[in-house]
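Asker: Can you read through this structure? Questions will come right after.
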Amino acid sequence: MYRQQTVALIVPVLDEAENIAQWLPQVDRTLVDEVIVADNGSTDESVDVARRLGATAVIEPRRGYGSACLRGIAATGAEILVFMDGDGSDDPSDLAAVVEALDNPGIELVVGSRVLGDADPGALTPVQRFGNALTCELVRLFWGVRYTDLGPFRAIRRRALETLEMADPDFGWTIEMQVKAAQRGLGVVEIPVRRKRRHAGTSKVSGNLYGSYMAGRRILGYVFGAFLEDRCPSSPLATFFGAKTPRRETSAPNKTP
Ligand SMILES: Nc1nc2c(ncn2[C@@H]2O[C@H](COP(=O)(O)OP(=O)(O)OP(=O)(O)O)[C@@H](O)[C@H]2O)c(=O)[nH]1
Ligand SMILES: [Mg+2]
């Protein structure tokens, strides 16, 4: 049972003080051993608010969503890691279902799908829905694994995460985890989660065209890059698309020099 293992909730934030004050008190602390707020460069009170409300706050000098997640992982030894957005758009009442799904036999990664769950009006933009559907279809075509979403609310066993050698410092983080899980044949399940609109503050990604464009480019670049590295590793196109996936032969265990 998952509760016999230690659980950390890791939440990357950038200027979300008002939102942290809203969602953090709603986290059922019987479900998680620690809440880690991973901040990189907030100019508001995010760190102070998180600490005051009982979370561990860690500061990552490198910018980017993935960098913050990596810092959060480094700050804990927990055996189960749960990730959630810090703007109040994920619902902490879904936490139990996300972690409990790890109790299903063979499951190592649980992805909370905002497409399968109820999304409040405007919580997922048309661009986000289209980008998600396109990306998931490409992952199905390239690696045969069906996802419906690249949602940030997810849980993974630490030992599985370590095999993925996560590297994306930015918004390629979620797709990197899902593609690598597919490539390595991890046990994956999606469960429905609710998606709300951000509680307060400013969108850094899907709420503006530039953010959406940059995230979309990064995500699709990752998928094509990983596919090319799989199928034709020496192709310069693989580098062009900016894939971060380590080549399989370099990460193969027990390889003699
Ligand atoms: N640590 C860190 N967190 C970030 C960074 N950029 C965004 N975030 C956080 O990542 C989460 C998702 O970013 P959002 O701005 O909500 O992006 P979105 O969900 O696509 O857009 P909206 O919810 O519509 O505003 C939020 O918790 C942000 O605070 C970053 O560079 N570093
Ligand atoms: Mg958001």
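Residue numbering restarts at 1 in every chain; chains get A, B, ... in the order shown in the structure tokens, and ligands count up from 1 in that same order.
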Let's see if you can do this: from backbone DSSP, list all alpha helix (DSSP H) residues in stretch 103-233 of chain A, as a count of residues only.

Answerer: 59

Asker: Dump as CSV the rows for residues of stretch 102-214 of chain A within 7 Å of stretch 66-79 of chain A: closest atom pair and distance in Å with one decimal, only C-alpha atoms counted, ordered by chain and rising residue number.

Answerer:
```
residue,atom,partner,partner_atom,distance
A:Arg157,CA,A:Glu79,CA,6.0
A:Arg158,CA,A:Glu79,CA,5.1
A:Asp168,CA,A:Gly66,CA,5.6
A:Pro169,CA,A:Gly66,CA,4.0
A:Asp170,CA,A:Gly66,CA,4.5
A:Phe171,CA,A:Gly66,CA,6.4
A:Trp173,CA,A:Gly66,CA,5.2
```

Asker: Take the residues just selected and output them with C-alpha atoms as an mmCIF file, in the first residue's frame.

Answerer:
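Just written: out-v8.cif:
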```
data_model
loop_
_atom_site.group_PDB
_atom_site.id
_atom_site.type_symbol
_atom_site.label_atom_id
_atom_site.label_comp_id
_atom_site.auth_asym_id
_atom_site.auth_seq_id
_atom_site.Cartn_x
_atom_site.Cartn_y
_atom_site.Cartn_z
ATOM 1 C CA ARG A 157 7.632 6.066 -7.660
ATOM 2 C CA ARG A 158 11.071 7.441 -6.990
ATOM 3 C CA ASP A 168 14.157 19.115 -19.257
ATOM 4 C CA PRO A 169 14.546 22.410 -17.380
ATOM 5 C CA ASP A 170 11.311 23.891 -18.651
ATOM 6 C CA PHE A 171 7.823 23.049 -19.877
ATOM 7 C CA TRP A 173 9.128 18.313 -18.236
#
```

Asker: Which neighbours of A:Asn19 fall inside 6 Å, counting only C-alpha atoms, when residues of the same chain fewer than 2 positions from it are skipped, and could you give them as JSON, numbers by chain?

Answerer: {"A": [16, 17, 21, 22, 87, 88, 199]}

Asker: Please compute the atom CA of A:Val7-atom CA of A:Val58 distance, one decimal, in Å.

Answerer: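 Result for atom CA of A:Val7 versus atom CA of A:Val58: 17.0 Å, one decimal.
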
Asker: Quick one: DSSP strand (DSSP E) residues in stretch 67-165 of chain A, as a list in words?

Answerer: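 Restricting stretch 67-165 of chain A to strand (DSSP E) produces Ile80, Leu81, Val82, Phe83, Leu109, Val110, Val111, Gly112, Ser113, Arg154, Ala155, Ile156 and Arg157 of chain A.
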
Asker: Counting only C-alpha atoms and all ligand atoms, which residues in chain A sit no more than 6 Å from ligand 1? For each one, give the nearest pair of atoms and the distance in Å, sorted by chain then residue number, as a Markdown table.

Answerer:
```
| residue | atom | partner | partner_atom_place_in_ligand_line | distance |
| --- | --- | --- | --- | --- |
| A:Pro12 | CA | ligand 1 | 1 (N) | 4.1 |
| A:Val13 | CA | ligand 1 | 29 (O) | 3.5 |
| A:Leu14 | CA | ligand 1 | 29 (O) | 3.9 |
| A:Glu16 | CA | ligand 1 | 29 (O) | 5.6 |
| A:Ala38 | CA | ligand 1 | 1 (N) | 5.5 |
| A:Asp39 | CA | ligand 1 | 1 (N) | 4.4 |
| A:Asn40 | CA | ligand 1 | 1 (N) | 4.6 |
| A:Arg63 | CA | ligand 1 | 31 (O) | 5.0 |
| A:Gly64 | CA | ligand 1 | 31 (O) | 3.4 |
| A:Tyr65 | CA | ligand 1 | 32 (N) | 4.2 |
| A:Ala68 | CA | ligand 1 | 1 (N) | 4.5 |
| A:Asp85 | CA | ligand 1 | 27 (O) | 4.0 |
| A:Gly86 | CA | ligand 1 | 27 (O) | 3.4 |
| A:Asp87 | CA | ligand 1 | 27 (O) | 4.5 |
| A:Arg198 | CA | ligand 1 | 23 (O) | 4.7 |
| A:Thr202 | CA | ligand 1 | 25 (O) | 5.9 |
| A:Ser203 | CA | ligand 1 | 25 (O) | 3.1 |
| A:Lys204 | CA | ligand 1 | 15 (O) | 3.5 |
| A:Val205 | CA | ligand 1 | 20 (O) | 4.1 |
| A:Ser206 | CA | ligand 1 | 20 (O) | 3.8 |
| A:Gly207 | CA | ligand 1 | 24 (O) | 4.3 |
```

Asker: For those residues, write C-alpha atoms to a file as a PDB file, in the first residue's frame.

Answerer:
```pdb
ATOM      1  CA  PRO A  12       6.861  24.419  -8.676  1.00  0.00           C
ATOM      2  CA  VAL A  13       5.891  28.050  -8.280  1.00  0.00           C
ATOM      3  CA  LEU A  14       6.693  31.422  -9.746  1.00  0.00           C
ATOM      4  CA  GLU A  16       2.027  32.464  -6.672  1.00  0.00           C
ATOM      5  CA  ALA A  38      10.039  24.810  -5.381  1.00  0.00           C
ATOM      6  CA  ASP A  39      10.515  28.433  -6.260  1.00  0.00           C
ATOM      7  CA  ASN A  40      12.819  29.915  -8.845  1.00  0.00           C
ATOM      8  CA  ARG A  63      14.794  29.389 -14.268  1.00  0.00           C
ATOM      9  CA  GLY A  64      12.132  27.028 -15.553  1.00  0.00           C
ATOM     10  CA  TYR A  65       9.423  24.615 -14.463  1.00  0.00           C
ATOM     11  CA  ALA A  68      12.161  23.711 -10.070  1.00  0.00           C
ATOM     12  CA  ASP A  85       0.731  23.166 -10.109  1.00  0.00           C
ATOM     13  CA  GLY A  86       0.925  25.975  -7.585  1.00  0.00           C
ATOM     14  CA  ASP A  87      -1.593  28.399  -9.068  1.00  0.00           C
ATOM     15  CA  ARG A 198      -5.930  29.688 -11.846  1.00  0.00           C
ATOM     16  CA  THR A 202      -0.733  35.961 -13.944  1.00  0.00           C
ATOM     17  CA  SER A 203      -0.387  33.069 -16.364  1.00  0.00           C
ATOM     18  CA  LYS A 204       3.129  32.222 -17.477  1.00  0.00           C
ATOM     19  CA  VAL A 205       2.134  29.729 -20.155  1.00  0.00           C
ATOM     20  CA  SER A 206      -1.255  28.967 -21.675  1.00  0.00           C
ATOM     21  CA  GLY A 207      -2.875  32.264 -20.740  1.00  0.00           C
TER      22      GLY A 207
END
```

Asker: Using only C-alpha atoms, pick whichever of A:Leu95, A:Glu100, A:Ala155, A:Leu164 has the shortest atom-to-atom distance to A:Arg3.

Answerer: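 Under the stated criterion, the closest residue is A:Glu100.
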
Asker: Here is a test: counting only C-alpha atoms and all ligand atoms, which residue of A:Glu190, A:Glu34, A:Asp28, A:Asp91 is nearest to ligand 2?

Answerer: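 Distance minimum relative to ligand 2 lands on A:Asp91.
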
Asker: Leaving out A:Gln183 and any residue of its chain fewer than 6 positions from it, which residues lie within 10 Å of it when counting only C-alpha atoms, given as a PyMOL selection string?

Answerer: chain A and resi 139+142-145+164+177+226-227+230+248

Asker: Of the candidates A:Ile156, A:Ala50, A:Ile219, A:Ala8, which shows the shortest atom-to-atom distance to A:Ile107, using only C-alpha atoms?

Answerer: A:Ile156

Asker: Quick one: pull the distance between atom CA of A:Thr125 and atom CA of A:Arg195, Å, one decimal.

Answerer: 11.5 Å

Asker: Give me, please, the distance in Å between atom CA of A:Arg129 and atom CA of A:Lys180, quoted to one decimal.

Answerer: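 Separating atom CA of A:Arg129 from atom CA of A:Lys180 is a distance of 21.9 Å.
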
Asker: Restricting the calculation to only C-alpha atoms and all ligand atoms, which member of A:Met166, A:Leu31, A:Ala200, A:Leu209 is positioned closest to ligand 2?

Answerer: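 The closest residue to ligand 2 is A:Ala200.
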
Asker: Contacts of A:Ala119 at 8 Å or less, counting only C-alpha atoms, minus same-chain residues fewer than 4 places along, as a PyMOL selection string?

Answerer: chain A and resi 114-115+123-124+194-196

Asker: Save out the residues we just selected, C-alpha atoms, as an mmCIF file, in the first residue's frame.

Answerer:
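Printed below is again_36.cif as written:
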```
data_model
loop_
_atom_site.group_PDB
_atom_site.id
_atom_site.type_symbol
_atom_site.label_atom_id
_atom_site.label_comp_id
_atom_site.auth_asym_id
_atom_site.auth_seq_id
_atom_site.Cartn_x
_atom_site.Cartn_y
_atom_site.Cartn_z
ATOM 1 C CA ARG A 114 -7.776 17.058 -17.058
ATOM 2 C CA VAL A 115 -9.404 15.801 -20.241
ATOM 3 C CA ALA A 123 -9.608 26.180 -17.433
ATOM 4 C CA LEU A 124 -8.207 24.534 -20.557
ATOM 5 C CA ARG A 194 -10.537 18.303 -11.873
ATOM 6 C CA ARG A 195 -9.072 21.409 -13.466
ATOM 7 C CA LYS A 196 -9.978 24.860 -12.256
#
```

Asker: For ligand 2, which residue among A:Ala57, A:Met84, A:Val27, A:Ala96 is the nearest when counting only C-alpha atoms and all ligand atoms?

Answerer: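 Among the listed residues, the smallest separation from ligand 2 belongs to A:Met84.
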
Asker: Measuring atom to atom with only C-alpha atoms and all ligand atoms, identify which of A:Glu108, A:Tyr222, A:Gln128, A:Ser235 is nearest to ligand 2.

Answerer: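 Smallest separation from ligand 2 among the options: A:Gln128.
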